[in-house]
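Colleague: One file is attached below, input-v7.cif, containing mmCIF, C-alpha atoms.
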```cif
data_input
loop_
_atom_site.label_atom_id
_atom_site.label_comp_id
_atom_site.auth_asym_id
_atom_site.auth_seq_id
_atom_site.Cartn_x
_atom_site.Cartn_y
_atom_site.Cartn_z
CA MET A 1 -19.29 281.64 99.71
CA LYS A 2 -18.00 278.22 100.70
CA PRO A 3 -16.63 277.53 104.18
CA ASP A 4 -13.16 276.95 102.74
CA ASP A 5 -13.05 280.28 100.89
CA PRO A 6 -9.94 282.40 101.67
CA VAL A 7 -12.16 285.16 103.05
CA VAL A 8 -13.68 282.69 105.49
CA ARG A 9 -10.24 281.46 106.49
CA HIS A 10 -9.19 285.06 107.16
CA TYR A 11 -12.12 285.61 109.52
CA LEU A 12 -11.51 282.30 111.26
CA ALA A 13 -7.89 283.20 111.84
CA HIS A 14 -8.68 286.66 113.20
CA SER A 15 -11.81 286.09 115.28
CA MET A 16 -11.68 285.50 119.02
CA VAL A 17 -15.34 285.29 119.96
CA MET A 18 -18.20 284.03 117.87
CA ARG A 19 -21.72 285.19 118.45
CA LEU A 20 -23.87 282.10 118.14
CA ALA A 21 -27.58 282.33 117.39
CA THR A 22 -29.79 279.36 118.20
CA ILE A 23 -33.48 278.66 118.57
CA SER A 24 -35.29 276.67 121.22
CA ALA A 25 -37.72 273.84 120.64
CA ARG A 26 -40.48 276.43 121.04
CA GLY A 27 -38.91 278.63 118.38
CA ASN A 28 -37.44 281.35 120.60
CA ALA A 29 -34.17 282.82 119.38
CA SER A 30 -31.10 283.33 121.51
CA ILE A 31 -27.60 284.67 120.91
CA THR A 32 -24.50 284.06 123.00
CA PRO A 33 -20.84 285.04 122.72
CA LEU A 34 -18.62 281.95 122.85
CA TRP A 35 -14.91 281.22 122.67
CA PHE A 36 -14.15 278.76 119.94
CA VAL A 37 -11.47 276.99 117.96
CA VAL A 38 -11.62 275.33 114.57
CA ASP A 39 -10.96 271.62 114.56
CA ARG A 40 -11.15 269.47 111.45
CA GLY A 41 -13.32 272.00 109.68
CA ARG A 42 -15.75 272.46 112.56
CA PHE A 43 -16.22 275.25 115.02
CA VAL A 44 -15.82 273.84 118.50
CA ALA A 45 -16.98 275.59 121.66
CA ALA A 46 -16.99 274.24 125.19
CA THR A 47 -19.86 275.29 127.41
CA GLY A 48 -22.21 274.01 130.08
CA ALA A 49 -25.02 271.57 129.33
CA ALA A 50 -27.45 273.87 131.11
CA THR A 51 -26.66 276.92 129.00
CA LEU A 52 -29.23 278.21 126.58
CA ALA A 53 -26.85 277.72 123.65
CA ALA A 54 -26.36 274.04 124.47
CA ARG A 55 -30.01 273.33 125.23
CA ASN A 56 -31.18 275.10 122.09
CA ALA A 57 -28.63 273.43 119.84
CA GLY A 58 -29.66 270.09 121.34
CA ALA A 59 -33.28 270.81 120.47
CA ASP A 60 -32.72 272.32 117.04
CA ALA A 61 -29.36 271.82 115.35
CA ARG A 62 -29.69 274.79 113.02
CA VAL A 63 -27.41 277.66 114.04
CA MET A 64 -26.13 280.92 112.66
CA LEU A 65 -23.01 282.73 113.83
CA LEU A 66 -21.18 286.00 113.38
CA LEU A 67 -17.41 286.44 113.19
CA ASP A 68 -15.88 289.91 113.37
CA GLY A 69 -12.25 289.18 112.57
CA GLU A 70 -11.47 291.60 115.40
CA LYS A 71 -7.76 290.79 115.57
CA ALA A 72 -7.34 292.29 112.11
CA GLY A 73 -8.88 295.58 113.24
CA ARG A 74 -12.21 297.20 112.83
CA SER A 75 -14.13 296.19 109.73
CA GLU A 76 -17.44 297.20 108.29
CA LEU A 77 -18.05 293.63 107.23
CA VAL A 78 -18.88 290.69 109.45
CA LEU A 79 -18.81 287.07 108.35
CA ARG A 80 -22.12 285.34 108.90
CA MET A 81 -22.20 281.58 108.72
CA SER A 82 -24.98 279.08 109.02
CA GLY A 83 -24.55 275.46 109.89
CA THR A 84 -25.61 272.59 112.04
CA ALA A 85 -24.52 271.93 115.59
CA GLU A 86 -23.88 268.70 117.40
CA VAL A 87 -23.89 268.65 121.20
CA ARG A 88 -21.57 266.14 122.83
CA LYS A 89 -21.24 265.48 126.53
CA GLY A 90 -17.86 265.77 128.15
CA LEU A 91 -14.70 267.77 127.82
CA PRO A 92 -12.98 268.43 124.50
CA PRO A 93 -10.33 265.99 123.31
CA ALA A 94 -6.73 266.90 124.14
CA ARG A 95 -5.96 268.33 120.71
CA VAL A 96 -8.90 270.73 121.03
CA MET A 97 -7.91 271.68 124.57
CA ALA A 98 -4.44 272.48 123.25
CA ARG A 99 -5.94 274.78 120.65
CA PHE A 100 -8.01 276.58 123.26
CA ALA A 101 -4.93 276.98 125.44
CA ALA A 102 -2.86 278.38 122.60
CA LYS A 103 -5.56 280.80 121.50
CA TYR A 104 -6.82 282.10 124.83
CA TYR A 105 -4.41 281.32 127.64
CA VAL A 106 -0.81 281.37 126.48
CA ALA A 107 -1.03 284.03 123.79
CA PRO A 108 0.68 287.16 125.21
CA ARG A 109 -2.50 289.13 125.83
CA GLY A 110 -4.21 286.04 127.13
CA LEU A 111 -1.40 285.43 129.58
CA ARG A 112 -1.58 289.00 130.82
CA SER A 113 -5.30 288.65 131.41
CA GLU A 114 -4.82 285.32 133.15
CA PHE A 115 -2.17 286.61 135.55
CA ALA A 116 -4.19 289.73 136.28
CA HIS A 117 -6.93 287.41 137.54
CA ALA A 118 -4.76 284.75 139.18
CA ARG A 119 -6.71 285.04 142.42
CA GLN A 120 -9.84 283.89 140.58
CA TRP A 121 -8.37 280.73 139.05
CA SER A 122 -9.71 278.50 141.81
CA LEU A 123 -13.12 280.11 141.43
CA ARG A 124 -13.06 279.32 137.74
CA THR A 125 -12.31 275.69 138.52
CA ARG A 126 -15.28 275.62 140.88
CA TYR A 127 -17.41 277.41 138.28
CA TYR A 128 -16.77 274.71 135.70
CA ALA A 129 -17.26 271.93 138.24
CA GLN A 130 -20.77 273.14 139.03
CA GLY A 131 -22.30 271.82 135.86
CA GLU A 132 -21.95 269.21 133.18
CA ALA A 133 -19.66 270.20 130.33
CA VAL A 134 -20.63 269.80 126.71
CA LEU A 135 -18.97 270.41 123.42
CA LEU A 136 -20.71 272.25 120.60
CA ALA A 137 -19.34 271.13 117.25
CA ILE A 138 -20.66 273.22 114.39
CA GLU A 139 -20.43 272.14 110.78
CA PRO A 140 -20.61 275.28 108.65
CA THR A 141 -22.65 275.00 105.48
CA HIS A 142 -22.85 278.55 104.16
CA ALA A 143 -20.95 281.80 104.62
CA GLU A 144 -21.58 285.38 103.55
CA LEU A 145 -20.30 288.83 104.38
CA VAL A 146 -22.81 291.21 105.87
CA SER A 147 -22.38 294.91 106.50
CA VAL A 148 -22.25 296.47 109.90
CA PRO A 149 -24.59 299.44 109.69
CA VAL A 150 -22.84 302.79 109.56
CA ASP A 151 -24.22 305.88 111.20
CA GLU A 152 -22.92 308.71 109.04
CA ALA A 153 -24.04 311.21 111.65
CA ASP A 154 -21.54 309.67 114.05
CA PRO A 155 -18.14 311.37 113.88
CA ASP A 156 -16.44 308.06 114.68
CA GLY A 157 -17.81 306.60 111.48
CA GLY A 158 -20.86 305.00 112.94
CA ARG A 159 -19.60 301.87 114.56
CA PRO A 160 -19.44 302.21 118.31
CA ALA A 161 -15.89 302.60 119.57
CA MET B 1 -19.22 275.30 159.31
CA ALA B 2 -19.76 276.67 155.82
CA SER B 3 -17.90 279.80 154.88
CA THR B 4 -19.92 282.78 153.72
CA HIS B 5 -18.32 282.25 150.30
CA ASP B 6 -19.19 278.59 149.82
CA GLY B 7 -22.15 279.33 147.59
CA ARG B 8 -22.52 279.05 143.87
CA VAL B 9 -19.80 280.62 141.77
CA THR B 10 -21.26 283.09 139.30
CA GLN B 11 -20.32 285.55 136.62
CA ARG B 12 -23.78 287.11 136.62
CA VAL B 13 -24.00 290.81 137.33
CA GLY B 14 -26.67 293.44 137.04
CA VAL B 15 -26.99 295.42 133.83
CA ASP B 16 -26.31 298.53 135.87
CA ASP B 17 -22.88 297.11 136.74
CA LEU B 18 -21.88 297.31 133.07
CA VAL B 19 -22.54 300.97 132.41
CA ARG B 20 -19.76 301.41 129.85
CA LEU B 21 -20.79 298.34 127.87
CA ALA B 22 -24.44 299.35 127.96
CA SER B 23 -23.79 302.92 126.87
CA ASP B 24 -20.99 302.40 124.36
CA PRO B 25 -20.85 298.79 123.18
CA PRO B 26 -18.01 297.86 120.83
CA ARG B 27 -20.35 295.55 119.01
CA ALA B 28 -23.95 294.49 118.99
CA ALA B 29 -26.17 292.00 117.22
CA ILE B 30 -29.75 290.86 117.20
CA ALA B 31 -31.00 287.33 116.83
CA PHE B 32 -34.43 286.26 115.73
CA ALA B 33 -36.29 283.17 114.61
CA THR B 34 -37.07 282.61 110.97
CA GLU B 35 -38.80 279.77 109.18
CA SER B 36 -35.42 278.41 108.17
CA GLY B 37 -33.82 278.60 111.60
CA PRO B 38 -32.12 281.22 113.71
CA GLY B 39 -31.06 284.49 112.13
CA CYS B 40 -28.71 287.18 113.33
CA VAL B 41 -27.36 290.49 112.08
CA PRO B 42 -24.87 293.04 113.38
CA VAL B 43 -26.55 296.24 114.55
CA LEU B 44 -25.82 299.54 116.22
CA VAL B 45 -27.33 300.47 119.55
CA ARG B 46 -28.11 303.84 121.05
CA ARG B 47 -30.18 305.11 123.90
CA ILE B 48 -32.43 308.12 123.54
CA ASP B 49 -33.59 309.08 127.02
CA ASP B 50 -34.80 305.76 128.42
CA GLN B 51 -35.47 304.15 125.07
CA ILE B 52 -33.09 301.65 123.52
CA GLN B 53 -32.88 301.99 119.74
CA VAL B 54 -31.37 299.49 117.37
CA GLY B 55 -29.78 300.66 114.14
CA LEU B 56 -30.04 298.12 111.37
CA ASP B 57 -29.97 297.67 107.66
CA PRO B 58 -33.51 296.69 106.61
CA ALA B 59 -32.08 294.69 103.72
CA SER B 60 -30.37 292.37 106.20
CA LEU B 61 -33.65 291.25 107.75
CA PRO B 62 -35.81 288.34 106.62
CA SER B 63 -38.47 289.49 104.20
CA THR B 64 -40.87 286.67 104.84
CA ARG B 65 -42.55 288.17 107.87
CA PRO B 66 -42.30 291.25 110.04
CA LEU B 67 -39.65 290.94 112.68
CA GLN B 68 -40.91 291.59 116.17
CA ARG B 69 -39.45 289.36 118.83
CA ALA B 70 -35.68 289.62 118.98
CA VAL B 71 -32.74 289.18 121.28
CA LEU B 72 -30.23 291.99 121.50
CA LEU B 73 -26.65 291.15 122.47
CA VAL B 74 -23.92 293.64 123.28
CA ASP B 75 -20.59 292.20 124.30
CA ASP B 76 -16.93 292.94 124.68
CA GLY B 77 -13.72 291.11 125.52
CA ARG B 78 -11.54 288.44 123.94
CA TYR B 79 -10.09 286.47 126.84
CA TRP B 80 -11.73 284.48 129.61
CA PHE B 81 -11.77 287.08 132.35
CA ASP B 82 -12.38 289.94 129.93
CA LEU B 83 -15.72 288.86 128.50
CA GLN B 84 -18.71 291.01 129.36
CA ALA B 85 -22.14 290.76 127.81
CA ILE B 86 -25.67 292.01 128.13
CA VAL B 87 -28.47 290.02 126.56
CA ARG B 88 -31.88 291.62 126.27
CA ARG B 89 -34.95 289.75 125.11
CA GLY B 90 -37.69 291.98 123.78
CA VAL B 91 -39.65 293.41 120.92
CA LEU B 92 -38.44 295.48 118.00
CA GLY B 93 -40.61 298.34 116.89
CA PRO B 94 -41.95 298.38 113.35
CA LEU B 95 -39.74 299.57 110.54
CA ALA B 96 -40.94 302.68 108.82
CA GLU B 97 -43.01 301.80 105.75
CA GLY B 98 -40.79 301.48 102.70
CA SER B 99 -37.54 301.81 104.62
CA THR B 100 -34.76 301.63 102.07
CA ARG B 101 -31.89 303.47 103.73
CA ALA B 102 -28.93 301.39 104.84
CA LEU B 103 -29.50 302.44 108.44
CA VAL B 104 -32.85 302.65 110.15
CA TRP B 105 -33.29 303.19 113.87
CA VAL B 106 -36.09 301.25 115.51
CA PRO B 107 -37.09 301.15 119.17
CA PHE B 108 -36.35 298.00 121.13
CA ALA B 109 -38.54 297.29 124.15
CA SER B 110 -36.58 295.11 126.52
CA GLN B 111 -38.67 292.62 128.48
CA HIS B 112 -35.98 290.52 130.12
CA GLU B 113 -32.28 291.10 130.50
CA VAL B 114 -29.25 289.31 131.88
CA ALA B 115 -25.66 290.42 132.12
CA TRP B 116 -22.39 288.74 132.89
CA ASP B 117 -18.85 289.80 133.56
CA TYR B 118 -16.29 287.02 133.88
CA GLY B 119 -13.87 289.42 135.52
CA SER B 120 -16.25 289.65 138.45
CA LEU B 121 -16.36 285.87 138.96
CA ARG B 122 -17.16 285.29 142.62
CA ALA B 123 -18.77 282.89 145.05
CA GLU B 124 -22.16 283.92 146.28
CA PRO B 125 -22.80 283.70 150.00
CA ALA B 126 -23.96 280.24 151.00
CA GLY B 127 -27.56 279.67 151.90
#
```
Show the structure stored in the file as structure tokens.

Modeller:
Amino acid sequence: MKPDDPVVRHYLAHSMVMRLATISARGNASITPLWFVVDRGRFVAATGAATLAARNAGADARVMLLLDGEKAGRSELVLRMSGTAEVRKGLPPARVMARFAAKYYVAPRGLRSEFAHARQWSLRTRYYAQGEAVLLAIEPTHAELVSVPVDEADPDGGRPA
Amino acid sequence: MASTHDGRVTQRVGVDDLVRLASDPPRAAIAFATESGPGCVPVLVRRIDDQIQVGLDPASLPSTRPLQRAVLLVDDGRYWFDLQAIVRRGVLGPLAEGSTRALVWVPFASQHEVAWDYGSLRAEPAG
């Protein structure tokens, strides 16, 4: 499946968090949930330079990620994509920041979450100021649907609620 | 004079602080290294007594070599302050010989684990 396939576009439009798998220079795997937006055909995530995801992607650009399309409801299929990551120092450009804001902060549920934690906003500012920011820009090269295992003995249909 | 809350701001929590996520995760995945780069697959997780078990489709795993070392992620949340996650680094037990069913449960021996909860963001005491 190509990255511009309609199925891929559906998952991109309905996924809030990607699970990004990376490997270190020593070959150890890691997986991290990350917020992301799509910009000019790339997945873009902002994180800290010291995070395992950033350090691993800097050492080995090969990545694999999972998208659940969770906004469209529960599915027994997950989109798995492989690609290459580029790590750039600094904050995202304004157009990317605007996409993050629209997706996570000013969407109705995002706003509710933000206001419920208004007392922690200053802490979040301090949290981000503690380390160097980097941008992960991921160029997808391959996509496929993979099944979420189903436990037929589970009355909820197998997938944890 | 430094306040008692002038220390590092952290989202880190103990795994025991995320009981609901640990016991009933909305989603889970494992990651592993392959010869062609990182791999990952969605999985189920259950706990039998004190043993973590991972439910996976054997067909989704790389066939080139037995999978042993893996990282197990369970996470929940969509927005900044809602995200919770537990990451366990450990060893997957062997698949039963000739496993062909779409779901096989294998033990996962956790060797190192970290957890975070952005809703609990706080400043640690200084010093």

Colleague: Write out as a PyMOL selection string each polymer residue whose atoms come within 8 Å of range 7-11 of chain A, counting only C-alpha atoms; drop sequence neighbours fewer than 3 positions from it.

Modeller: chain A and resi 2-4+14-15+67-69+79+143

Colleague: Please compute the CA of Arg27 in chain B-CA of Leu56 in chain B distance, one decimal, in Å.

Modeller: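 Here the two named atoms are 12.6 Å from each other.
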
Colleague: Residues at most 9 Å from Leu72 in chain B, counting only C-alpha atoms, excluding those fewer than 2 positions away in the same chain, as a list of chain:residue names?

Modeller: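 Selected residues are A:Ser30, A:Ile31, B:Ala28, B:Ala29, B:Ile30, B:Ala31, B:Val43, B:Val54, B:Ala70, B:Val74, B:Ile86, B:Val87, B:Arg88, B:Arg89, B:Gly90, B:Phe108, B:Ser110.
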
Colleague: Next, write the just-selected residues to a file, as a PDB file, keeping the file's coordinate frame, keeping C-alpha atoms as the atom set.

Modeller:
```pdb
ATOM      1  CA  SER A  30     -31.100 283.330 121.510  1.00  0.00           C
ATOM      2  CA  ILE A  31     -27.600 284.670 120.910  1.00  0.00           C
TER       3      ILE A  31
ATOM      4  CA  ALA B  28     -23.950 294.490 118.990  1.00  0.00           C
ATOM      5  CA  ALA B  29     -26.170 292.000 117.220  1.00  0.00           C
ATOM      6  CA  ILE B  30     -29.750 290.860 117.200  1.00  0.00           C
ATOM      7  CA  ALA B  31     -31.000 287.330 116.830  1.00  0.00           C
ATOM      8  CA  VAL B  43     -26.550 296.240 114.550  1.00  0.00           C
ATOM      9  CA  VAL B  54     -31.370 299.490 117.370  1.00  0.00           C
ATOM     10  CA  ALA B  70     -35.680 289.620 118.980  1.00  0.00           C
ATOM     11  CA  VAL B  74     -23.920 293.640 123.280  1.00  0.00           C
ATOM     12  CA  ILE B  86     -25.670 292.010 128.130  1.00  0.00           C
ATOM     13  CA  VAL B  87     -28.470 290.020 126.560  1.00  0.00           C
ATOM     14  CA  ARG B  88     -31.880 291.620 126.270  1.00  0.00           C
ATOM     15  CA  ARG B  89     -34.950 289.750 125.110  1.00  0.00           C
ATOM     16  CA  GLY B  90     -37.690 291.980 123.780  1.00  0.00           C
ATOM     17  CA  PHE B 108     -36.350 298.000 121.130  1.00  0.00           C
ATOM     18  CA  SER B 110     -36.580 295.110 126.520  1.00  0.00           C
TER      19      SER B 110
END
```

Colleague: Pull out every residue that the PyMOL selection byres ((chain A) within 6 of (chain B)) matches in the shown coordinates and put them as a ChimeraX atom specification.

Modeller: /A:16,21-23,29,31,62-63,104,110,127,148-149,160-161

Colleague: Kindly resolve the PyMOL selection byres ((chain A and resi 57) around 8) on the present coordinates and return the residues as a VMD selection string.

Modeller: chain A and resid 22 to 24 53 to 56 58 to 63 85 to 87

Colleague: Please evaluate the PyMOL selection byres ((chain A and resi 35) around 7) against the structure above and give the resulting residues as a ChimeraX atom specification.

Modeller: /A:16-18,34,36,45

Colleague: Which polymer residues have any atom within 7 Å of an atom of Leu77 in chain A, counting only C-alpha atoms, with same-chain residues fewer than 4 positions away left out, as a list of chain:residue names?

Modeller: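 So the residues in contact are A:Leu145, A:Val146, A:Ser147, A:Val148.
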
Colleague: To one decimal place, how far is CA of Gln120 in chain A from CA of Asp17 in chain B in Å?

Modeller: 19.0 Å

Colleague: Give the answer as one residue: which of A:Leu12, A:Val38, A:Ala137, A:Ala129 has the shortest atom-to-atom distance to Ala98 in chain A, using all atoms listed in the file?

Modeller: A:Val38

Colleague: In Å, with one decimal, what is the gap from CA of Gln130 in chain A to CA of Gly83 in chain A?

Modeller: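 Between these atoms lies a distance of 29.5 Å.
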